[in-house]
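*Asks:* Here you go, one structure.
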Amino acid sequence: MTTLISHPLPLLALGVALGPRVIPPRLLLAGLLFTLLPDADVLAFKFGIPYADAFGHRGFSHSLLFAGICGALAALGCRLLGCGPLKAFLWIGLATASHSLLDAATDGGLGVAWLWPWSEQRFFLPWRPIEVSPFVNGFFSQRGLQVLASEARWVWLPCLALALFGLAWRHLSGRRQQAF
């Protein structure tokens, strides 16, 4: 898995790039929380559910169906998020699905069950540059630092570039509109 530090960053970068007129602050904040939600499945370990089980880690909560359900719930609560139902559905669905996309780019684990419940097959992306994170007990170790360095290279820096590009684009677009 990718660390909980990195999961919200792609969505945050996209939200910053698009700006608050497109992504209202409450929607952005909700999206950041939904990027973390799929990893609630680690509680399955406490109940003796094995990793490879459909309800284990990277199982149903990492599926596209789960992302769609989260998006549908957001659409129902769109007024609380300060936007319309379609935007809430798309943003929260994307937020939730982004979690499994990052996990599928890691070099370890069993992959993600994108097609659950139609298939329990686990998938990875063809290119897997992100080092898989150790669980909490191994996070503060040399291995944990290697993982953070990997995430900095493959997640944090591209997200920073996206956010800065979006900010610059919006700033320059605003100046061009004022000139006319």
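Each chain in the structure tokens gets a letter, A, B, ..., in the order shown, and its residues are numbered from 1; ligands are numbered from 1 in order too.
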As a list of chain:residue names, please: the residues near Pro117 (chain A) (cut-off 12 Å, only C-alpha atoms, same-chain neighbours under 5 positions excluded).
*Replies:* A:Asp53, A:Ala54, A:Phe55, A:Gly59, A:Phe60, A:Ser61, A:His62, A:Ser63, A:Leu64, A:Leu65, A:Phe66, A:Arg122
*Asks:* Pick out the residues sitting within 10 Å of Ala104 (chain A), and hand them over as a ChimeraX atom specification; count only C-alpha atoms, and ignore anything fewer than 6 positions along from it in its own chain.
*Replies:* /A:1-2,58,62,98,110-114,122-130,132
*Asks:* Could you write out the selected residues, including N, CA and C atoms, as a CSV table (one decimal), in the first residue's frame?
*Replies:*
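The resulting file, result16.csv, is shown below:
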```
chain,number,residue,atom,x,y,z
A,1,MET,N,0.8,-1.2,0.0
A,1,MET,CA,0.0,0.0,0.0
A,1,MET,C,0.9,1.2,0.0
A,2,THR,N,0.3,2.3,-0.4
A,2,THR,CA,1.0,3.6,-0.3
A,2,THR,C,0.7,4.1,1.1
A,58,ARG,N,-7.2,-4.5,0.5
A,58,ARG,CA,-7.2,-4.3,-1.0
A,58,ARG,C,-8.3,-5.1,-1.7
A,62,HIS,N,-11.5,-1.5,-2.2
A,62,HIS,CA,-10.6,-0.9,-3.3
A,62,HIS,C,-11.2,-1.1,-4.7
A,98,SER,N,-8.9,6.8,-6.6
A,98,SER,CA,-7.5,7.2,-6.7
A,98,SER,C,-6.7,6.4,-5.7
A,110,LEU,N,-0.8,-7.9,-2.8
A,110,LEU,CA,-1.6,-8.8,-3.7
A,110,LEU,C,-2.3,-8.1,-4.8
A,111,GLY,N,-2.1,-6.9,-5.0
A,111,GLY,CA,-2.9,-6.1,-6.0
A,111,GLY,C,-4.2,-5.7,-5.4
A,112,VAL,N,-5.0,-5.1,-6.3
A,112,VAL,CA,-6.3,-4.5,-5.8
A,112,VAL,C,-7.5,-5.2,-6.6
A,113,ALA,N,-8.6,-5.4,-5.9
A,113,ALA,CA,-9.7,-6.1,-6.5
A,113,ALA,C,-10.7,-5.1,-7.2
A,114,TRP,N,-10.2,-4.5,-8.3
A,114,TRP,CA,-11.0,-3.5,-8.9
A,114,TRP,C,-12.4,-4.0,-9.4
A,122,ARG,N,-7.0,-9.9,-8.4
A,122,ARG,CA,-6.3,-8.7,-7.9
A,122,ARG,C,-5.4,-8.2,-9.1
A,123,PHE,N,-5.4,-6.8,-9.2
A,123,PHE,CA,-4.7,-6.2,-10.3
A,123,PHE,C,-3.6,-5.3,-9.8
A,124,PHE,N,-2.5,-5.2,-10.6
A,124,PHE,CA,-1.5,-4.1,-10.5
A,124,PHE,C,-1.4,-3.4,-11.8
A,125,LEU,N,-0.9,-2.2,-11.8
A,125,LEU,CA,-0.6,-1.5,-13.0
A,125,LEU,C,0.6,-2.1,-13.7
A,126,PRO,N,0.8,-2.0,-15.0
A,126,PRO,CA,2.0,-2.6,-15.6
A,126,PRO,C,3.3,-2.0,-15.1
A,127,TRP,N,3.2,-0.7,-14.7
A,127,TRP,CA,4.4,0.0,-14.2
A,127,TRP,C,4.2,0.2,-12.7
A,128,ARG,N,5.1,-0.3,-11.9
A,128,ARG,CA,4.9,-0.2,-10.4
A,128,ARG,C,6.1,0.4,-9.7
A,129,PRO,N,6.3,1.7,-9.8
A,129,PRO,CA,7.5,2.3,-9.3
A,129,PRO,C,7.5,2.6,-7.8
A,130,ILE,N,6.3,2.6,-7.1
A,130,ILE,CA,6.2,3.0,-5.7
A,130,ILE,C,6.5,1.8,-4.8
A,132,VAL,N,6.2,-0.5,-1.8
A,132,VAL,CA,5.1,-0.8,-0.9
A,132,VAL,C,5.4,-0.5,0.5
```
*Asks:* List every residue of region 24-132 of chain A that DSSP, applied to the backbone of this structure, places in helix (DSSP H, G or I), and write the result as a PyMOL selection string.
*Replies:* chain A and resi 25-46+60-62+64-76+78-81+85-104
*Asks:* Could you jot down the CA of Pro158 (chain A) to CA of Leu14 (chain A) separation for me, Å, one decimal place?
*Replies:*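 Going from CA of Pro158 (chain A) over to CA of Leu14 (chain A), I get 10.9 Å.
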*Asks:* Give me the residues near Ser6 (chain A) as number ranges by chain, where near means some atom within 8 Å (using only C-alpha atoms) and where sequence neighbours in that chain fewer than 6 positions away do not count.
*Replies:* A: 151, 155-156
*Asks:* May I have the residues within 6 Å of region 35-44 of chain A as a PyMOL selection string, using only C-alpha atoms and disregarding those fewer than 5 positions away in the same chain?
*Replies:* chain A and resi 7-8+49+56-57+61-62+95-96+99
*Asks:* Calculated over only C-alpha atoms, which of the candidates A:Ala72, A:Ala67, A:Leu32, A:Ile92 has the smallest distance to Trp116 (chain A)?
*Replies:*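 Going through A:Ala72, A:Ala67, A:Leu32, A:Ile92 one by one, the smallest distance to Trp116 (chain A) is for A:Ala67.
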*Asks:* CA of Leu29 (chain A) and CA of Leu81 (chain A) are how many Å apart?
*Replies:*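 Computing it gives 8.9 Å between the two atoms.
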*Asks:* What's the 12 Å shell around Ala163 (chain A), counting only C-alpha atoms, without same-chain residues fewer than 4 positions away, as a PyMOL selection string?
*Replies:* chain A and resi 9-19+156-159+167-170
*Asks:* Give me the residues near Leu90 (chain A) as a list in words, where near means some atom within 9 Å (using only C-alpha atoms) and where sequence neighbours in that chain fewer than 6 positions away do not count.
*Replies:*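 So, after excluding close chain neighbours, the residues are Gly68, Gly71, Ala72, Ala74 and Ala75 of chain A.
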*Asks:* Go ahead and save the picked residues with N, CA and C atoms, as a short mmCIF file (atom, residue, chain, number, x, y, z; two decimals), in the first residue's frame.
*Replies:*
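Once everything was written out, this is part20.cif:
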```
data_model
loop_
_atom_site.label_atom_id
_atom_site.label_comp_id
_atom_site.auth_asym_id
_atom_site.auth_seq_id
_atom_site.Cartn_x
_atom_site.Cartn_y
_atom_site.Cartn_z
N GLY A 68 -17.83 3.86 -6.76
CA GLY A 68 -19.10 4.34 -7.28
C GLY A 68 -20.15 4.53 -6.19
N GLY A 71 -19.32 7.65 -4.39
CA GLY A 71 -19.74 8.78 -5.21
C GLY A 71 -21.25 9.00 -5.16
N ALA A 72 -22.01 7.90 -5.18
CA ALA A 72 -23.47 8.01 -5.12
C ALA A 72 -23.92 8.59 -3.78
N ALA A 74 -22.18 10.60 -1.95
CA ALA A 74 -21.82 12.02 -2.00
C ALA A 74 -22.85 12.81 -2.81
N ALA A 75 -23.33 12.22 -3.89
CA ALA A 75 -24.35 12.90 -4.71
C ALA A 75 -25.61 13.16 -3.88
#
```
*Asks:* Which residue out of A:Tyr51, A:Trp118, A:Trp91, A:Phe45 has the minimum interatomic distance to Ile23 (chain A) when only C-alpha atoms are used?
*Replies:*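 Smallest distance to Ile23 (chain A) is found for A:Trp91.
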*Asks:* Just how far from CA of Trp154 (chain A) is CA of Ala30 (chain A), in Å to one decimal?
*Replies:*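 CA of Trp154 (chain A) lies 24.1 Å from CA of Ala30 (chain A).
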